[in-house]
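S.K.: Sharing coords.txt (compact mmCIF, C-alpha atoms) below.
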# COMPACT_ATOMS: atom_id res chain seq x y z
CA ILE K 157 -7.85 22.50 -12.00
CA ALA K 158 -10.48 23.15 -9.33
CA ASP K 159 -10.18 26.92 -9.88
CA SER K 160 -10.54 26.58 -13.65
CA VAL K 161 -13.24 23.90 -13.68
CA ARG K 162 -15.83 25.05 -11.16
CA LEU K 163 -17.86 21.84 -11.37
CA TYR K 164 -14.80 19.70 -10.62
CA ILE K 165 -15.34 17.81 -7.36
CA SER K 166 -13.00 15.62 -5.38
CA GLY K 167 -12.96 13.17 -2.51
CA SER K 168 -10.97 10.48 -0.79
CA ALA K 169 -11.54 7.10 0.84
CA ASP K 170 -10.42 8.32 4.27
CA LEU K 171 -6.95 9.30 3.01
CA HIS K 172 -6.99 13.02 2.26
CA GLY K 173 -3.94 13.48 4.49
CA SER K 174 -1.93 11.09 2.31
CA THR K 175 -3.42 11.48 -1.17
CA LYS K 176 -3.19 15.30 -0.97
CA ASN K 177 -6.18 15.95 -3.25
CA TYR K 178 -8.31 18.06 -0.90
CA ILE K 179 -9.66 21.14 -2.70
CA LYS K 180 -8.66 24.06 -0.50
CA GLY K 181 -11.56 26.42 0.07
CA GLY K 182 -13.93 23.98 -1.61
CA GLY K 183 -15.86 23.04 1.52
CA ASP K 184 -17.01 19.57 2.55
CA PHE K 185 -20.01 17.80 1.05
CA GLY K 186 -22.75 16.57 3.40
CA VAL K 187 -24.58 17.65 6.55
CA ASP K 188 -23.38 18.51 10.07
CA PHE K 189 -19.78 19.02 11.16
CA GLY K 190 -19.52 22.16 9.02
CA LYS K 191 -20.50 20.35 5.82
CA SER K 192 -23.01 21.50 3.19
CA TYR K 193 -24.37 20.30 -0.13
CA THR K 194 -22.32 22.97 -1.88
CA GLY K 195 -19.10 21.34 -0.68
CA ARG K 196 -16.67 20.00 -3.29
CA ASN K 197 -14.82 17.49 -1.09
CA VAL K 198 -16.55 14.17 -0.45
CA TYR K 199 -15.56 11.97 2.51
CA TYR K 200 -16.16 8.40 1.33
CA GLY K 201 -14.78 6.60 4.35
CA ILE K 202 -12.86 3.36 3.94
CA ARG K 203 -15.17 2.25 1.12
CA GLU K 204 -13.24 2.20 -2.12
CA HIS K 205 -15.82 0.20 -4.10
CA ALA K 206 -18.61 2.51 -2.95
CA MET K 207 -16.50 5.52 -3.92
CA GLY K 208 -16.05 4.12 -7.43
CA CYS K 209 -19.79 3.58 -7.80
CA ILE K 210 -20.64 7.06 -6.50
CA LEU K 211 -18.12 8.61 -8.89
CA ASN K 212 -19.92 6.83 -11.72
CA GLY K 213 -23.23 8.21 -10.45
CA PHE K 214 -21.89 11.76 -10.45
CA SER K 215 -20.58 11.25 -13.98
CA TYR K 216 -23.78 9.65 -15.28
CA TYR K 217 -25.69 12.70 -14.04
CA GLY K 218 -23.46 14.75 -16.30
CA LEU K 219 -23.12 18.03 -14.41
CA PHE K 220 -19.91 17.42 -12.47
CA ARG K 221 -16.38 16.24 -13.30
CA PRO K 222 -15.75 13.87 -10.38
CA SER K 223 -12.48 12.57 -8.95
CA GLY K 224 -11.71 10.28 -6.05
CA ALA K 225 -8.50 9.16 -4.36
CA THR K 226 -7.00 6.28 -2.44
CA PHE K 227 -3.77 4.27 -2.36
CA LEU K 228 -3.09 2.48 -5.64
CA VAL K 229 -3.03 -0.96 -4.03
CA PHE K 230 -6.70 -0.46 -3.09
CA ALA K 231 -7.69 0.12 -6.72
CA ASP K 232 -8.50 -3.59 -6.89
CA TYR K 233 -11.50 -2.94 -4.64
CA MET K 234 -12.77 -0.55 -7.34
CA ARG K 235 -12.21 -2.65 -10.46
CA ALA K 236 -15.88 -3.40 -11.14
CA ALA K 237 -16.77 0.29 -10.95
CA VAL K 238 -13.75 1.24 -13.08
CA ARG K 239 -14.80 -1.29 -15.71
CA VAL K 240 -18.29 0.25 -15.83
CA ALA K 241 -16.79 3.73 -16.21
CA ALA K 242 -14.59 2.60 -19.08
CA LEU K 243 -17.42 0.67 -20.76
CA ALA K 244 -19.92 3.51 -20.36
CA GLU K 245 -17.39 6.18 -21.43
CA LEU K 246 -17.69 8.11 -18.16
CA PRO K 247 -15.05 10.85 -17.68
CA VAL K 248 -14.16 9.89 -14.10
CA GLN K 249 -10.77 10.78 -12.65
CA TYR K 250 -9.05 8.37 -10.26
CA ILE K 251 -6.18 9.65 -8.14
CA TRP K 252 -4.21 6.61 -6.98
CA THR K 253 -1.11 7.34 -4.94
CA HIS K 254 1.70 5.34 -3.28
CA ASP K 255 2.30 3.62 -6.58
CA SER K 256 5.11 1.10 -6.14
CA ILE K 257 7.48 -0.77 -3.84
CA GLY K 258 8.65 2.73 -2.89
CA VAL K 259 5.78 2.73 -0.37
CA GLY K 260 8.29 1.09 1.96
CA GLU K 261 7.54 0.03 5.52
CA ASP K 262 3.89 -0.91 4.98
CA GLY K 263 5.31 -3.96 3.26
CA PRO K 264 4.33 -6.07 0.25
CA THR K 265 0.61 -6.02 1.08
CA HIS K 266 0.62 -2.27 0.37
CA GLN K 267 3.24 -2.18 -2.39
CA PRO K 268 1.68 -2.29 -5.88
CA VAL K 269 3.67 -4.44 -8.31
CA GLU K 270 1.13 -5.77 -10.81
CA THR K 271 -1.51 -3.11 -10.24
CA VAL K 272 -0.53 -0.53 -12.85
CA SER K 273 -0.23 -3.13 -15.59
CA GLY K 274 -3.53 -4.66 -14.52
CA LEU K 275 -5.20 -1.28 -14.99
CA ARG K 276 -3.58 -0.84 -18.40
CA ALA K 277 -5.48 -3.95 -19.51
CA PHE K 278 -8.80 -2.06 -19.34
CA PRO K 279 -10.00 -0.79 -22.74
CA ASN K 280 -10.71 2.96 -22.71
CA LEU K 281 -8.91 3.68 -19.41
CA ASP K 282 -5.98 6.10 -19.72
CA VAL K 283 -3.36 5.20 -17.10
CA ILE K 284 -0.94 8.09 -16.53
CA ARG K 285 2.14 7.69 -14.33
CA PRO K 286 3.90 11.09 -14.32
CA ALA K 287 7.59 11.57 -13.51
CA ASP K 288 7.71 15.04 -11.93
CA PRO K 289 5.48 18.00 -10.95
CA GLU K 290 5.15 19.32 -14.50
CA GLU K 291 4.19 15.93 -15.88
CA THR K 292 1.68 15.70 -13.03
CA ALA K 293 0.17 19.02 -14.08
CA GLY K 294 -0.07 17.68 -17.63
CA ALA K 295 -1.71 14.51 -16.31
CA TYR K 296 -4.44 16.49 -14.54
CA VAL K 297 -5.07 18.49 -17.72
CA ALA K 298 -5.22 15.26 -19.74
CA SER K 299 -7.79 13.82 -17.35
CA ILE K 300 -10.03 16.84 -17.84
CA ASP K 301 -9.40 16.84 -21.58
CA LYS K 302 -10.66 13.28 -22.01
CA LYS K 303 -14.45 13.23 -22.12
CA THR K 304 -15.09 9.73 -23.46
CA GLY K 305 -13.78 7.62 -20.60
CA PRO K 306 -11.97 7.55 -17.27
CA THR K 307 -8.39 8.47 -16.45
CA ALA K 308 -6.17 7.06 -13.72
CA LEU K 309 -3.47 9.28 -12.24
CA ILE K 310 -0.77 7.06 -10.73
CA LEU K 311 1.33 9.10 -8.28
CA THR K 312 4.37 8.29 -6.15
CA ARG K 313 4.76 8.55 -2.41
CA GLN K 314 8.49 9.29 -2.47
CA ASN K 315 10.24 12.45 -3.64
CA VAL K 316 11.37 12.63 -7.27
CA ASP K 317 13.78 14.86 -9.16
CA ILE K 318 12.43 17.65 -11.33
CA LEU K 319 13.40 16.86 -14.91
CA THR K 320 15.38 19.93 -15.97
CA ASP K 321 16.56 18.55 -19.31
CA ALA K 322 13.23 19.23 -21.00
CA PRO K 323 11.28 22.53 -21.02
CA VAL K 324 8.11 22.79 -18.95
CA ASP K 325 5.85 23.01 -21.98
CA THR K 326 7.52 20.00 -23.59
CA LYS K 327 6.82 17.94 -20.49
CA ARG K 328 3.20 19.01 -20.16
CA GLN K 329 2.45 18.59 -23.85
CA GLY K 330 4.38 15.33 -23.84
CA VAL K 331 1.97 13.88 -21.30
CA LEU K 332 -0.96 14.73 -23.58
CA LYS K 333 0.72 12.68 -26.31
CA GLY K 334 1.64 9.85 -23.98
CA ALA K 335 5.41 9.94 -24.53
CA TYR K 336 8.13 12.42 -25.45
CA ILE K 337 11.90 12.78 -25.60
CA VAL K 338 13.50 13.97 -22.36
CA ILE K 339 17.11 13.61 -23.53
CA LYS K 340 17.96 13.44 -27.22
CA GLU K 341 21.11 11.76 -28.43
CA GLU K 342 23.95 14.05 -29.54
CA THR K 343 25.57 11.50 -31.88
CA ASP K 344 24.26 8.53 -33.85
CA LEU K 345 21.42 6.89 -31.91
CA GLU K 346 22.68 3.76 -30.17
CA CYS K 347 19.94 2.95 -27.66
CA ILE K 348 16.60 4.23 -26.39
CA ILE K 349 15.77 4.05 -22.68
CA ILE K 350 12.02 4.26 -22.03
CA ALA K 351 10.88 4.93 -18.47
CA THR K 352 7.84 6.12 -16.57
CA GLY K 353 7.02 7.72 -13.24
CA SER K 354 9.69 7.74 -10.55
CA GLU K 355 12.08 5.76 -12.76
CA VAL K 356 12.52 8.50 -15.39
CA GLN K 357 14.97 10.28 -13.09
CA HIS K 358 17.10 7.11 -13.02
CA ALA K 359 16.99 6.79 -16.81
CA VAL K 360 18.20 10.38 -17.18
CA LYS K 361 21.13 9.87 -14.82
CA ALA K 362 22.06 6.59 -16.49
CA ALA K 363 21.95 8.00 -20.02
CA LYS K 364 24.25 10.87 -19.12
CA GLU K 365 26.86 8.40 -17.93
CA LEU K 366 26.38 5.85 -20.70
CA GLY K 367 27.18 8.24 -23.53
CA LYS K 368 25.97 10.72 -26.11
CA GLY K 369 24.28 8.12 -28.28
CA TYR K 370 21.54 7.43 -25.75
CA ARG K 371 18.00 8.77 -25.89
CA VAL K 372 15.62 8.91 -22.91
CA VAL K 373 11.89 8.75 -23.53
CA SER K 374 9.38 9.41 -20.78
CA MET K 375 6.21 7.40 -21.43
CA PRO K 376 3.68 8.43 -18.76
CA CYS K 377 0.71 7.03 -20.69
CA MET K 378 0.89 4.06 -23.05
CA GLU K 379 -2.73 4.51 -24.12
CA ARG K 380 -2.28 8.11 -25.24
CA PHE K 381 0.94 7.26 -27.06
CA ASP K 382 -0.77 4.39 -28.88
CA ARG K 383 -3.42 6.83 -30.16
CA GLN K 384 -0.83 9.07 -31.86
CA ASP K 385 -0.26 8.88 -35.59
CA ALA K 386 2.49 6.76 -37.09
CA ALA K 387 4.71 9.78 -37.77
CA TYR K 388 4.82 10.83 -34.12
CA LYS K 389 5.45 7.28 -32.93
CA GLU K 390 8.34 6.99 -35.37
CA GLU K 391 9.72 10.34 -34.21
CA ILE K 392 9.82 9.18 -30.59
CA LEU K 393 10.71 5.51 -31.12
CA PRO K 394 12.40 5.26 -34.54
CA SER K 395 12.20 1.78 -36.01
CA SER K 396 15.84 2.10 -37.07
CA CYS K 397 16.90 1.70 -33.44
CA SER K 398 16.29 -1.84 -32.19
CA LYS K 399 18.36 -1.45 -29.04
CA ARG K 400 15.72 -0.48 -26.50
CA VAL K 401 15.47 -0.63 -22.71
CA SER K 402 12.52 -0.04 -20.38
CA MET K 403 12.52 0.76 -16.68
CA GLU K 404 9.51 0.76 -14.36
CA ALA K 405 9.01 -0.31 -10.74
CA GLY K 406 6.39 -2.86 -11.73
CA ILE K 407 6.00 -6.00 -13.79
CA THR K 408 7.81 -5.95 -17.11
CA ALA K 409 5.37 -7.76 -19.44
CA PRO K 410 3.67 -4.68 -21.03
CA TRP K 411 7.00 -3.14 -22.04
CA TYR K 412 7.90 -5.75 -24.66
CA LYS K 413 5.40 -3.98 -26.92
CA TYR K 414 7.85 -1.07 -27.09
CA VAL K 415 11.28 -2.64 -26.60
CA GLY K 416 10.63 -5.80 -28.65
CA LEU K 417 11.50 -9.37 -27.81
CA GLU K 418 15.20 -8.53 -28.14
CA GLY K 419 14.91 -5.53 -25.85
CA LEU K 420 15.85 -5.24 -22.18
CA THR K 421 13.23 -4.72 -19.47
CA VAL K 422 14.27 -3.57 -16.00
CA GLY K 423 11.42 -3.88 -13.53
CA VAL K 424 9.93 -5.73 -10.59
CA ASP K 425 8.46 -9.15 -11.35
CA LYS K 426 7.96 -10.26 -7.75
CA PHE K 427 6.29 -8.93 -4.62
CA GLY K 428 8.04 -6.36 -2.46
CA MET K 429 9.43 -6.43 1.06
CA SER K 430 9.01 -4.58 4.33
CA ALA K 431 11.73 -1.95 4.68
CA PRO K 432 12.17 1.81 4.13
CA GLY K 433 11.24 2.74 0.58
CA ASP K 434 14.73 3.72 -0.55
CA ILE K 435 16.13 0.42 0.69
CA VAL K 436 13.43 -1.56 -1.10
CA MET K 437 14.07 0.34 -4.33
CA THR K 438 17.79 -0.36 -4.09
CA GLU K 439 17.29 -4.04 -3.29
CA TYR K 440 15.03 -4.42 -6.32
CA GLY K 441 17.35 -2.60 -8.69
CA MET K 442 15.38 0.59 -9.15
CA THR K 443 18.51 2.78 -9.20
CA PRO K 444 20.56 4.48 -11.91
CA GLU K 445 23.57 2.37 -10.92
CA ASN K 446 21.75 -0.90 -11.57
CA LEU K 447 20.31 0.44 -14.83
CA ILE K 448 23.80 1.41 -16.03
CA GLU K 449 25.12 -2.05 -15.21
CA LYS K 450 22.23 -3.78 -16.98
CA VAL K 451 22.48 -1.59 -20.08
CA LYS K 452 26.24 -2.02 -20.40
CA ALA K 453 25.81 -5.78 -20.32
CA TYR K 454 22.96 -5.56 -22.85
CA MET K 455 24.94 -3.39 -25.25
CA ALA K 456 28.15 -5.44 -25.00
Output the structure of this file as structure tokens.

M.R.:
Amino acid sequence: IADSVRLYISGSADLHGSTKNYIKGGGDFGVDFGKSYTGRNVYYGIREHAMGCILNGFSYYGLFRPSGATFLVFADYMRAAVRVAALAELPVQYIWTHDSIGVGEDGPTHQPVETVSGLRAFPNLDVIRPADPEETAGAYVASIDKKTGPTALILTRQNVDILTDAPVDTKRQGVLKGAYIVIKEETDLECIIIATGSEVQHAVKAAKELGKGYRVVSMPCMERFDRQDAAYKEEILPSSCSKRVSMEAGITAPWYKYVGLEGLTVGVDKFGMSAPGDIVMTEYGMTPENLIEKVKAYMA
């Protein structure tokens, strides 16, 4: 992105080593310590609210496409600035990492549970939670493509599987549309499993064991999917199939819009715990094994 969009600038609230958004070869913005005003990496310090305001300033000026990064749980410090960006239609890019209870040992104070859904409540903010590297590439493209408001990229800390059941172009284009089919049923459609982010890999594994009548839909961005025409929405989530399941490592409330009141939501409706990330995920049911068990009971 930085190579293609020369006026794209980045920065981090003292977390470049963790958020991994430093523009290599871009130089550092400022004076002294090897910095210059031609630098493309801004060091904001531990000042998330200030970073959000400065990003808005860059965007109001109109020359640059700004982005800034921190851990997702700290997005709450930025909410006022994010609201202004959404209201003023500023094309700011937020890179928020460490997106769930998968953060692990830092404990529940640093494990976002309600945060993603809280951000989805903002009008005109696209919240994209990609499932693998190709979806992440699509998410970055989507954030540049949107010029009438901000975009939030919600990224995991832990490793995720590469989704090999869908072609690269399908995944990237699917992000631009908000949702797409990762695994299509091979027989009559029995059930649709909708997942996002690090839970798509679990949905794929579960569907392969549950049977050939299961479809897996990756929905990285609810807002983009909601903007699609009725024909595309029906193609992805046909109204003829009322058996629907969602899976996300966060609160379940937003998913009833897609699974219906008779659908099944598998998520995290309580705060996390202090333990290694994989243990926390297992304890809270964010595994293919738990999803299979829940779906079998739902379909019985």

S.K.: For stretch 353-356 of chain K, find every residue with an atom within 7 Å (counting all atoms listed in the file), except residues of its own chain fewer than 6 positions away, and show them as a PDB file with C-alpha atoms, in the frame of the given file.

M.R.:
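Here's the written file out_15.pdb:
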ATOM      1  CA  ARG K 285       2.140   7.690 -14.330  1.00  0.00           C
ATOM      2  CA  PRO K 286       3.900  11.090 -14.320  1.00  0.00           C
ATOM      3  CA  ALA K 287       7.590  11.570 -13.510  1.00  0.00           C
ATOM      4  CA  THR K 312       4.370   8.290  -6.150  1.00  0.00           C
ATOM      5  CA  VAL K 316      11.370  12.630  -7.270  1.00  0.00           C
ATOM      6  CA  SER K 374       9.380   9.410 -20.780  1.00  0.00           C
ATOM      7  CA  PRO K 376       3.680   8.430 -18.760  1.00  0.00           C
ATOM      8  CA  MET K 403      12.520   0.760 -16.680  1.00  0.00           C
ATOM      9  CA  GLU K 404       9.510   0.760 -14.360  1.00  0.00           C
TER      10      GLU K 404
END

S.K.: If you count only C-alpha atoms, which residues fall within 12 Å of K:Met442, apart from same-chain ones fewer than 6 positions away, as a list of chain:residue names?

M.R.: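 So, after excluding close chain neighbours, the residues are K:Ser256, K:Ile257, K:Gly258, K:Ala351, K:Thr352, K:Gly353, K:Ser354, K:Glu355, K:Val356, K:Gln357, K:His358, K:Ala359, K:Ala362, K:Ser402, K:Met403, K:Glu404, K:Ala405, K:Gly406, K:Thr421, K:Val422, K:Gly423, K:Val424, K:Gly433, K:Asp434, K:Ile435, K:Val436, K:Ile448, K:Glu449, K:Lys450.
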
S.K.: With distances taken over all atoms listed in the file, which of K:Asn446, K:Pro289, K:Val229, K:Glu346 is nearest to K:Gly263?

M.R.: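 The answer is K:Val229, which sits nearest to K:Gly263.
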
S.K.: Please report the interatomic distance between atom CA of K:Lys399 and atom CA of K:Val451 in Å with one decimal.

M.R.: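 Rounded to one decimal, the two atoms are 9.9 Å apart.
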
S.K.: Determine, counting all atoms listed in the file, which protein, DNA and RNA residues have an atom within 6 Å of an atom of stretch 336-338 of chain K; residues of the same chain fewer than 6 positions away are not included. Present the result as a list in words.

M.R.: Ala322, Gly330, Val372, Val373 and Ser374 of chain K

S.K.: Give me the residues within 7 Å of K:Ala295 as a PyMOL selection string, counting all atoms listed in the file and dropping any in the same chain fewer than 5 places off.

M.R.: chain K and resi 284+286+309+331

S.K.: Just the residues within 10 Å of K:Glu342, please, counting all atoms listed in the file, with nothing from its chain fewer than 3 positions along; format it as a ChimeraX atom specification.

M.R.: /K:339,345,367-371

S.K.: With distances taken over all atoms listed in the file, which residue among K:Asp159, K:Asp184, K:Glu261, K:Glu245 lies nearest K:Gly428?

M.R.: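 Residue with the minimum atom-to-atom distance to K:Gly428: K:Glu261.
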
S.K.: Between K:Leu319, K:Ala387, K:Val269, K:Leu211, which residue has the minimum interatomic distance to K:Lys426, considering all atoms listed in the file?

M.R.: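 For K:Lys426, the nearest of the candidates is K:Val269.
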
S.K.: By how many Å are atom CA of K:Pro264 and atom CA of K:Ala409 apart?

M.R.: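 Here the two named atoms are 19.8 Å from each other.
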
S.K.: With distances taken over all atoms listed in the file, which of K:Val272, K:Ile202, K:Ala225, K:Leu311 is nearest to K:His254?

M.R.: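 Using all atoms listed in the file, the shortest distance to K:His254 belongs to K:Leu311.
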
S.K.: Go through K:Val187, K:Glu391, K:Asp385, K:Tyr454 one by one, measure the shortest atom-to-atom distance of each to K:Glu418 using only C-alpha atoms, and give the residue with the smallest value.

M.R.: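 Closest to K:Glu418, using only C-alpha atoms: K:Tyr454.
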
S.K.: Rank nothing, just name the residue among K:Val324, K:Ala169, K:Ile179, K:Ile350 nearest to K:Gly201, using only C-alpha atoms.

M.R.: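 Using only C-alpha atoms, K:Gly201 sits closest to K:Ala169.
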
S.K.: Distance atom CA of K:Tyr193-atom CA of K:Asp301, one decimal place?

M.R.: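 Straight-line distance from atom CA of K:Tyr193 to atom CA of K:Asp301 works out to 26.4 Å.
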
S.K.: Let me have the centre and edge lengths of the axis-aligned box enclosing all listed atoms of stretch 218-230 of chain K with 6 Å padding on every side, in Å to one decimal, as lines of an AutoDock Vina configuration file.

M.R.:
center_x = -13.2
center_y = 8.5
center_z = -9.3
size_x = 32.4
size_y = 31.0
size_z = 25.9
